[in-house]
Amino acid sequence: MTKTLPPLLGPRFLGASILVLSFMTVGTSAYAQVVEPYDEDDEIVVIAERPRGSVITDVPPVIELNADDIASYGVSSVSDLLDELSSQTSSSRGRGSGRPIVLINGQRTSGFREIRDLPSEAIKNIQVFPEELALQYGYRPDQRVINFILKDDFIGFSAEAEYGVPTQGGQGVAEIESTITRISKNSRLNLNVEYENKTAITEAERDIIQNPAGEAVNLGQFRTLSAPSDNIEINASYSRNLGDGISLSVNGGYVFSKSRGLSGLSSGTIDIPASSPFATSPDDETLFRYFTQFDPLRRTVETNTLQGGAALNGNLSGWQWSLTADYTRDQVNTTTEDSGDLGALQAAVNNGTANPFASDFGPLLAPPVTDYARSVSDSINSLATISGTPLYLPSGAVSTTFRAGYKRQDLNSRDISEGVTTLTDLGRDNFNAGFNIDIPLAKENIDVVEAIGELSVNGNLGYSELSDFGGLLEYGFGLNWEPIDGLNFTASAIGEEAAPSIQQLGNPVIVTPNVNIFDFATGETVLASITTGGNLALPAEKRRDIKLAVNYEPKWFEDMRFIAEYVRNNSKNVASGFPLLTPEIEAAFPDRVTRDNTGRLIAIDQRPVSYSNVRSESIRYGLQFSKRFGQREERGDSSRRTPRSAAPSDGANGDAKPSGESSQAPQQAQAGERGGRRGGPGGRGPGMGGPSGGHWRLSAYHTIRLEESVLIRPGVQELDLLNGSAIGSSGGSPRHKFELQAGWSKNGLGFRLQGEHETATRVNGGLTGSDLRFSDLTTLNLRVFMNLDNRGDLTEKVPFLKGGRLSFRIDNIFNDIQDVRDNSGMVPLRYQTGLIDPVGRYVELSFRKRF
């Protein structure tokens, strides 16, 4: 399947972006040297100060949004909003959990649960910062930081129902959710309850071609591609100001999920001697077949998760301190059915009393056996931080953060396989401490700033003592330079030692039968048994990362931002899931692969492995535009970037006064606050359609991978993931990745478009194996929403619709699924499109009502 990139996403986009950057730099330099003479008849523009709760830092944000911007996304909750902002909030370092670090009003939280279910209407502003800011709050520098500034006064109750289906049919996803929120000056309460039900997709519903033995029994109707599941989530959080600048927040949650998949039918290989009366050949032969005598094999996974956390924040003599604690308990119960013993049946076939081709063997065929696995993990995470200014230099205030914490992790697992019970009991204590410091070299010394701009350096040092891995060190340093207003350069380097997770070490051993695997050695697709679990032999990892970045927001082009990042990662002793079984991997891990005497692949042990060295190098750059139209723009809009020369200077740390306390606050923003008050469905605030007029937003990013390599161990050929090697089932690493986001909204009607394109890859099959070619992949998602309060007199005719929003979503509009071909141009059975992406194009309709 060959595709042509749209012009925007082709090589011209790279050249055009570089040209734009050059033009901006020249234009801004010229612009900065033009000094307009003062005329007392000129209009004076008052620039509002930062909103209360903003993060005070020299690190520029990646993106800033106000309430109107947030309303233009048409989402219901913080979690939904982060999904829409994924391209701006995901870390470019290639490490971390993916989710950004979240702050509320510039303060630490006990975790994402504390804010994930808050309605989008309760948010006043959003700031997204690069990974460098994480150190200031005591976190590792591998996740971006997003600060949510909440409205001072908000009450809302909402309910939402969603239903979606793939356009190919075969599955339905239903979800209902209800949220209660109350925010006042001194407290915040949020309660969310959610239930989701998902039905199954079977291989028969996607016309999956089976092997001859599978076709004989219509195996596809007994195997699920997407297992049916139920999911229940309850989450609650409460926060209160205790006085004297101290605030306390607590949260708790419970998650239950259960999936019930089908793994096919019992199967086995029967030896048929030539002397058997049922033999079909004069020679001894073997017969692989499925047995319909018993029900399909089932695999059930039930998860119960209990979570709780608390955060205490305050100020002491100009220093901001925080205490956070979090507890999580996960219990996972897994039951897996596998084929029973064939010993009695084989003996009967050998003596000629049983027909190996029969449909029912009675007691000769043993029923399926059931393996059980249970794991219980408990984790406690506590951290204390204190941040402030220990001294002042002529160049400005030196800021620092000290942290100290304790983590405890326990994992108890039990698995029963073939009647043998294995117990695992692991525990880990982690005492850690560290600090970071930010030193301005040019900030308040005006002469130096006028010559070179603002300049600061930073450094961090940390140490962790683990009960099972000993001492681990982490360190880093960086530079932040703003030569002119709006143009910022950052550079950072980090080094750290990291232990594998306790789950990677001690998860219970689970054997899953009848898994589709492509065997590169034979070029065939087989059903093999896959073993997963933990590996106690994993060593500690050593990481070395470098990041260079530029962030440019020109004054002459309002609401436009250019971002470019270069990242280089180098890691040793990397714990990873077992890679794709190519000839290179099989040669490196021969003891993980089991074949029968004919060379047929029958089992793979996919428990984690350790790579000797992993290196990656990439460049990511992009542009962001946004604009309002059809309305008079208010002066003093707090969403505009404040030039360095006009930055507020109140207080020792330069903290700005709350914008709501300023008499210059935009009347439009004040009206939006009143419209969101008590969640009134008749309001015209940002939460339900916003002020008259419209808003559009566009962002585009291009990632170029310069290097992706893996060295399994010294003496083994290095894997080049950009040129024929692979460790994942979806092929090698694409050299180019393009991301596009666009949005438009006006008077409560809007749409959001998200696109992603990755270039093609290939996997070499070796001298005797089959090469595979993975096509490029383009995914385009569309979501359209309509706030019913803005639809004329509709809500007067149908009062129930007051406060309602209707949304329609299409994921993967073009139903583009990766096409995989071997040397002969054929699609291997393992890589049929239904196996790669059983859902494909997906449509969903949702209705949300605020009461």
# chains A, B, ... in the order shown; residues from 1 in each chain; ligands from 1
$ residues_around --residues "range 359-361 of chain A" --least-positions-apart "4" --cutoff "7 Å" --atoms "only C-alpha atoms" --output "list in words"
Phe291, Thr292, Gln293 and Leu365 of chain A
$ residues_around --residues "range 235-251 of chain A" --least-positions-apart "6" --cutoff "7 Å" --atoms "only C-alpha atoms" --output "PyMOL selection string"
chain A and resi 114+186-193+308-315
$ atom_distance --atom1 "CA of Ala134 in chain A" --atom2 "CA of Val550 in chain A"
18.0 Å
$ residues_around --residues "range 221-234 of chain A" --least-positions-apart "2" --cutoff "6 Å" --atoms "only C-alpha atoms" --output "list in words"
Asn192, Val193, Glu194, Tyr195, Glu196, Asn197, Lys198, Thr199, Ala200, Ile201, Thr202, Glu203, Ala204, Leu219, Gly253, Tyr254, Val255, Phe256, Ser257, Lys258, Ser259, Arg260, Gly261, Leu262, Ser263, Gly264 and Pro296 of chain A
$ closest_residue --among "A:Thr703, A:Asn514, A:Thr335, A:Ser616" --to "Leu740 in chain A" --atoms "only C-alpha atoms"
A:Thr703
$ residues_around --residues "Val75 in chain A" --least-positions-apart "4" --cutoff "12 Å" --atoms "only C-alpha atoms" --output "JSON, numbers by chain"
{"A": [69, 70, 71, 79, 80, 81, 82, 83, 84, 85, 117, 118, 119, 120, 121, 122, 123, 160, 686, 687, 688, 689, 748, 750, 751, 752, 783, 784, 785, 786, 787, 805, 806, 807, 808, 809, 846, 847, 848]}
$ atom_distance --atom1 "CA of Leu150 in chain A" --atom2 "CA of Thr179 in chain A"
16.4 Å
$ closest_residue --among "A:Arg113, A:Arg99, A:Arg607, A:Arg697" --to "Thr531 in chain A" --atoms "only C-alpha atoms"
A:Arg607
$ closest_residue --among "A:Asn815, A:Thr401, A:Ser266, A:Asn125" --to "Arg289 in chain A" --atoms "only C-alpha atoms"
A:Ser266
$ residues_around --residues "Phe435 in chain A" --least-positions-apart "6" --cutoff "7 Å" --atoms "only C-alpha atoms" --output "mmCIF file with all heavy atoms, in the first residue's frame"
data_model
loop_
_atom_site.group_PDB
_atom_site.id
_atom_site.type_symbol
_atom_site.label_atom_id
_atom_site.label_comp_id
_atom_site.auth_asym_id
_atom_site.auth_seq_id
_atom_site.Cartn_x
_atom_site.Cartn_y
_atom_site.Cartn_z
ATOM 1 N N THR A 401 15.670 23.975 45.316
ATOM 2 C CA THR A 401 14.679 23.050 45.835
ATOM 3 C C THR A 401 15.392 21.864 46.471
ATOM 4 O O THR A 401 16.294 21.279 45.855
ATOM 5 C CB THR A 401 13.752 22.537 44.714
ATOM 6 O OG1 THR A 401 13.057 23.641 44.138
ATOM 7 C CG2 THR A 401 12.737 21.538 45.265
ATOM 8 N N PHE A 402 15.010 21.546 47.699
ATOM 9 C CA PHE A 402 15.531 20.371 48.381
ATOM 10 C C PHE A 402 14.393 19.354 48.507
ATOM 11 O O PHE A 402 13.241 19.721 48.743
ATOM 12 C CB PHE A 402 16.056 20.728 49.775
ATOM 13 C CG PHE A 402 17.220 21.674 49.756
ATOM 14 C CD1 PHE A 402 17.019 23.048 49.796
ATOM 15 C CD2 PHE A 402 18.517 21.199 49.679
ATOM 16 C CE1 PHE A 402 18.075 23.932 49.772
ATOM 17 C CE2 PHE A 402 19.593 22.073 49.652
ATOM 18 C CZ PHE A 402 19.374 23.438 49.697
ATOM 19 N N ARG A 403 14.723 18.088 48.370
ATOM 20 C CA ARG A 403 13.710 17.041 48.482
ATOM 21 C C ARG A 403 14.263 15.843 49.238
ATOM 22 O O ARG A 403 15.472 15.565 49.204
ATOM 23 C CB ARG A 403 13.241 16.588 47.096
ATOM 24 C CG ARG A 403 14.325 15.982 46.227
ATOM 25 C CD ARG A 403 13.767 15.447 44.921
ATOM 26 N NE ARG A 403 14.818 14.995 44.012
ATOM 27 C CZ ARG A 403 15.368 13.785 44.032
ATOM 28 N NH1 ARG A 403 14.956 12.896 44.953
ATOM 29 N NH2 ARG A 403 16.310 13.449 43.174
ATOM 30 N N ASN A 460 21.463 19.782 39.306
ATOM 31 C CA ASN A 460 20.741 18.958 40.274
ATOM 32 C C ASN A 460 21.569 17.734 40.623
ATOM 33 O O ASN A 460 22.389 17.252 39.819
ATOM 34 C CB ASN A 460 19.375 18.538 39.735
ATOM 35 C CG ASN A 460 19.476 17.584 38.563
ATOM 36 O OD1 ASN A 460 19.739 18.016 37.438
ATOM 37 N ND2 ASN A 460 19.275 16.299 38.801
ATOM 38 N N LEU A 461 21.373 17.231 41.836
ATOM 39 C CA LEU A 461 22.076 16.054 42.320
ATOM 40 C C LEU A 461 21.130 15.270 43.212
ATOM 41 O O LEU A 461 20.429 15.855 44.056
ATOM 42 C CB LEU A 461 23.329 16.450 43.100
ATOM 43 C CG LEU A 461 24.204 15.306 43.627
ATOM 44 C CD1 LEU A 461 24.811 14.523 42.457
ATOM 45 C CD2 LEU A 461 25.312 15.855 44.530
ATOM 46 N N GLY A 462 21.079 13.962 43.025
ATOM 47 C CA GLY A 462 20.200 13.127 43.828
ATOM 48 C C GLY A 462 20.824 11.772 44.117
ATOM 49 O O GLY A 462 21.695 11.298 43.375
#
$ closest_residue --among "A:Ala760, A:Ile180, A:Val59, A:Ala161" --to "Phe129 in chain A" --atoms "only C-alpha atoms"
A:Val59
$ residues_around --residues "Val593 in chain A" --least-positions-apart "4" --cutoff "8 Å" --atoms "only C-alpha atoms" --output "VMD selection string"
chain A and resid 586 589 601 603 to 605
$ residues_around --residues "range 827-844 of chain A" --least-positions-apart "5" --cutoff "7 Å" --atoms "only C-alpha atoms" --output "number ranges by chain"
A: 162-167, 206, 208-209, 225, 516-518, 524-525, 808-813, 815, 817, 820-822
$ select_by_dssp --residues "range 399-587 of chain A" --states "strand (DSSP E)" --output "MDAnalysis selection string"
chainID A and resid 399:417 420:442 454:466 470:484 487:498 510:519 524:532 541:552 560:576
$ atom_distance --atom1 "CA of Leu323 in chain A" --atom2 "CA of Arg52 in chain A"
21.5 Å
$ select_by_dssp --residues "range 344-403 of chain A" --states "alpha helix (DSSP H)" --output "MDAnalysis selection string"
chainID A and resid 344:350
